[in-house]
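*Asks:* Take a look at the following structure, please.
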Amino acid sequence: MKRLKLFIAASEDTTDRPGFFQVKYGGEFAARKFLPHLTNFKNNPDFCTKQCYQFRQRFALDFTEDIAKIMLFPSVLPELIDDAQSYLKDAIPAHDILVAVGVHPDILIELIRKAISAGCKAVVIPREDPDWLTTSFVNKLKNMCETKGLEYAFPRPFCSLSKGKFIYINAFIDQFKIGKPKYEVITDEKENVIDVDVKCSSPCGATYHVASGLIGINRENIVDAANRLWHVYPCLSSSHMDPEIADSPMHLAAYINLYAAKDAQKKS
């Protein structure tokens with residue numbers, strides 16, 4: 001399969017506050033985590049630690065050439081949008097995967113329709129916040145995608161994205177090395193970590209932060225160290241309870257990191 005092209009849609013990262021009959025969809029995750037990670041923090045090196053930044057340079061993590069376009073929408077919008085097309089005046093380029101983060105639901109539906117016309121093969125829409133997409137709306141999007149022959153993934157949170165039945169979603173994970181974190185630790189004769197090989201990183205880049213901090217740690221302390229390192233790399237998933245899963249996306253992200261560390265320790 002040829003290299004995939006991404007079309008990324010997100011809300012702007014602003015401090016604006018919603019007024020009456022308005023909503024705000026934050027763009028923090030895309031602006032401060034996802035996009036810097038995809039471009040290897042070359043434009044925002046201060047968004048990660050010096051140790052993490054240096055560790056990342058050994059990997060081919062700058063996917064700038066694979067991003068067809070980044071489309072940003074106002075963060076504060078009316079609760080209901082009658083004319084979503086008025087926010088989609090810019091041309092949508094040819095692409096393979098649409099990644100939409102924190103986009104107004106009314107705009108999102110029209111965005112997917114236009115993406116299909118531009119050759120889109122799959123959509124990845126992470127559910128980082130239970131207040132953004134309701135289950136009924138997600139089911140509506142799934143039905144729409146199935147009708148149009150579009151692959152889809154709605155990971156909750158984004159770092160839970162795993163391979164499954166969809167060819168393009170699987171290829172997306174392989175090419176960009178993002179999804180459910182997985183890494184291998186290499187230890188010396190004293191069982192101290194001398195290197196970490198990141199196979200797949202959480203889309204925010206936290207896995208590389210954890211990996212860089214594990215070097216020098218004894219194998220026995222890998223899980224505790226990984227847990228501590230993850231907690232100082234700010235997770236931007238919502239801490240609000242999602243009634244459908246009886247937990248918050250942020251709490252699930254913490255467990256995902258913990259299980260990745262346990263797996264790495266076990267296989268080291």
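FYI, nothing fancy with the structure tokens labels: chains A, B, ... in order, residues from 1 per chain, ligands from 1 as they appear.
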List the neighbours of Asp106 (chain A) out to 12 Å using only C-alpha atoms; skip same-chain residues closer than 2 positions along the sequence, and give me the result as a ChimeraX atom specification.
*Replies:* /A:77-88,102-104,108-113,132-133,137,140-141
*Asks:* Selection from above, C-alpha atoms, as a compact mmCIF listing (two decimals), in the first residue's frame, can you write it?
*Replies:*
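Okay, result_28.txt is ready:
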```txt
# COMPACT_ATOMS: atom_id res chain seq x y z
CA LEU A 77 -19.74 28.02 18.03
CA PRO A 78 -23.56 28.00 18.28
CA GLU A 79 -25.03 24.91 19.93
CA LEU A 80 -26.89 24.15 16.70
CA ILE A 81 -25.50 25.00 13.26
CA ASP A 82 -28.03 25.16 10.45
CA ASP A 83 -25.56 25.85 7.66
CA ALA A 84 -22.46 23.75 8.32
CA GLN A 85 -21.22 24.32 4.77
CA SER A 86 -20.54 27.97 5.64
CA TYR A 87 -17.65 26.70 7.78
CA LEU A 88 -16.30 24.48 5.00
CA GLY A 102 -13.06 18.22 18.83
CA VAL A 103 -15.02 19.34 15.75
CA HIS A 104 -18.61 20.53 16.19
CA LEU A 108 -18.39 16.88 11.43
CA ILE A 109 -21.21 15.29 9.44
CA GLU A 110 -20.73 17.65 6.52
CA LEU A 111 -16.95 17.28 6.80
CA ILE A 112 -17.17 13.52 6.37
CA ARG A 113 -19.42 13.90 3.33
CA TRP A 132 -18.24 16.02 22.67
CA LEU A 133 -19.81 13.00 21.00
CA PHE A 137 -24.33 10.42 17.47
CA LYS A 140 -25.23 7.71 13.45
CA LEU A 141 -21.72 8.32 12.12
```
*Asks:* Fewer than 4 positions away in the same chain doesn't count, so skip those; otherwise give me all residues within 12 Å of Pro18 (chain A), counting only C-alpha atoms, as a PyMOL selection string.
*Replies:* chain A and resi 14+22-26+74-79
*Asks:* Write out as a PyMOL selection string the set of residues from region 191-264 of chain A that DSSP, computed on the backbone, places in helix (DSSP H, G or I).
*Replies:* chain A and resi 206-214+219-231+249-264
*Asks:* Using DSSP assignments from the backbone, pull out every residue in region 80-257 of chain A that falls under strand (DSSP E or B) and give it to me as a PyMOL selection string.
*Replies:* chain A and resi 97-101+122-124+151-153+178+182-187+192-201+218+242+247
*Asks:* Give me, please, the distance in Å between CA of Pro203 (chain A) and CA of Ile178 (chain A), quoted to one decimal.
*Replies:*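 The value is 5.2 Å.
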*Asks:* Check which residues of region 94-176 of chain A sit at most 10 Å from region 224-247 of chain A using only C-alpha atoms, and return one row each with the closest pair of atoms and their distance in Å to one decimal, ordered by chain and rising number, as a tab-separated table.
*Replies:*
```
residue	atom	partner	partner_atom	distance
A:Pro126	CA	A:Ser237	CA	9.9
A:Arg127	CA	A:Ser237	CA	8.6
A:Glu128	CA	A:Ser237	CA	4.9
A:Asp129	CA	A:Ser238	CA	5.0
A:Pro130	CA	A:Asp242	CA	5.5
A:Asp131	CA	A:Asp242	CA	8.4
A:Thr134	CA	A:Glu244	CA	9.6
A:Thr135	CA	A:Glu244	CA	8.3
A:Arg156	CA	A:Ser237	CA	9.2
A:Pro157	CA	A:Ser237	CA	6.9
A:Phe158	CA	A:Ser237	CA	8.6
A:Cys159	CA	A:Ser237	CA	9.9
```
*Asks:* Let me make sure I understand: among A:Ile186, A:Ile116, A:Ile167, A:Cys200, which one has the smallest atom-to-atom distance to Lys267 (chain A) if we use only C-alpha atoms?
*Replies:* A:Ile186
*Asks:* Kindly indicate which residue among A:Leu150, A:Met71, A:Ala115, A:Leu258 lies nearest to Ala10 (chain A), using only C-alpha atoms for the distances.
*Replies:*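 Among the listed residues, A:Met71 lies closest to Ala10 (chain A).
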*Asks:* Env of Lys142 (chain A): 12 Å cut, atoms = only C-alpha atoms, seq-sep filter 4 positions within chain, self excluded. Answer as a list of chain:residue names.
*Replies:*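 Everything that qualifies: A:Ile109, A:Ile112, A:Ala122, A:Val123, A:Val124, A:Ile125, A:Thr135, A:Ser136, A:Phe137, A:Val138, A:Glu146, A:Thr147, A:Lys148, A:Gly149, A:Leu150, A:Glu151, A:Tyr152, A:Ala153, A:Phe154.
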*Asks:* If we count only C-alpha atoms and set the cut-off at 6 Å, which residues sit around region 29-46 of chain A, ignoring sequence neighbours fewer than 2 positions away in its own chain? Please answer as a list in words.
*Replies:*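 Residues meeting the cut-off are Gly27, Cys48, Leu61, Asp62, Phe63, Thr64, Pro203, Cys204, Gly205 and Leu236 of chain A.
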*Asks:* Work out how far CA of Lys163 (chain A) is from CA of Val99 (chain A), in Å to one decimal.
*Replies:* 16.1 Å
*Asks:* Go through A:Tyr208, A:Phe21, A:Lys121, A:Phe7 one by one, measure the shortest atom-to-atom distance of each to Ala91 (chain A) using only C-alpha atoms, and give the residue with the smallest value.
*Replies:* A:Phe7
*Asks:* For Gln51 (chain A), which of A:Lys190, A:His209, A:Lys199, A:Arg17 is the closest residue, counting only C-alpha atoms?
*Replies:*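 Once distances to Gln51 (chain A) are computed over only C-alpha atoms, the minimum belongs to A:His209.
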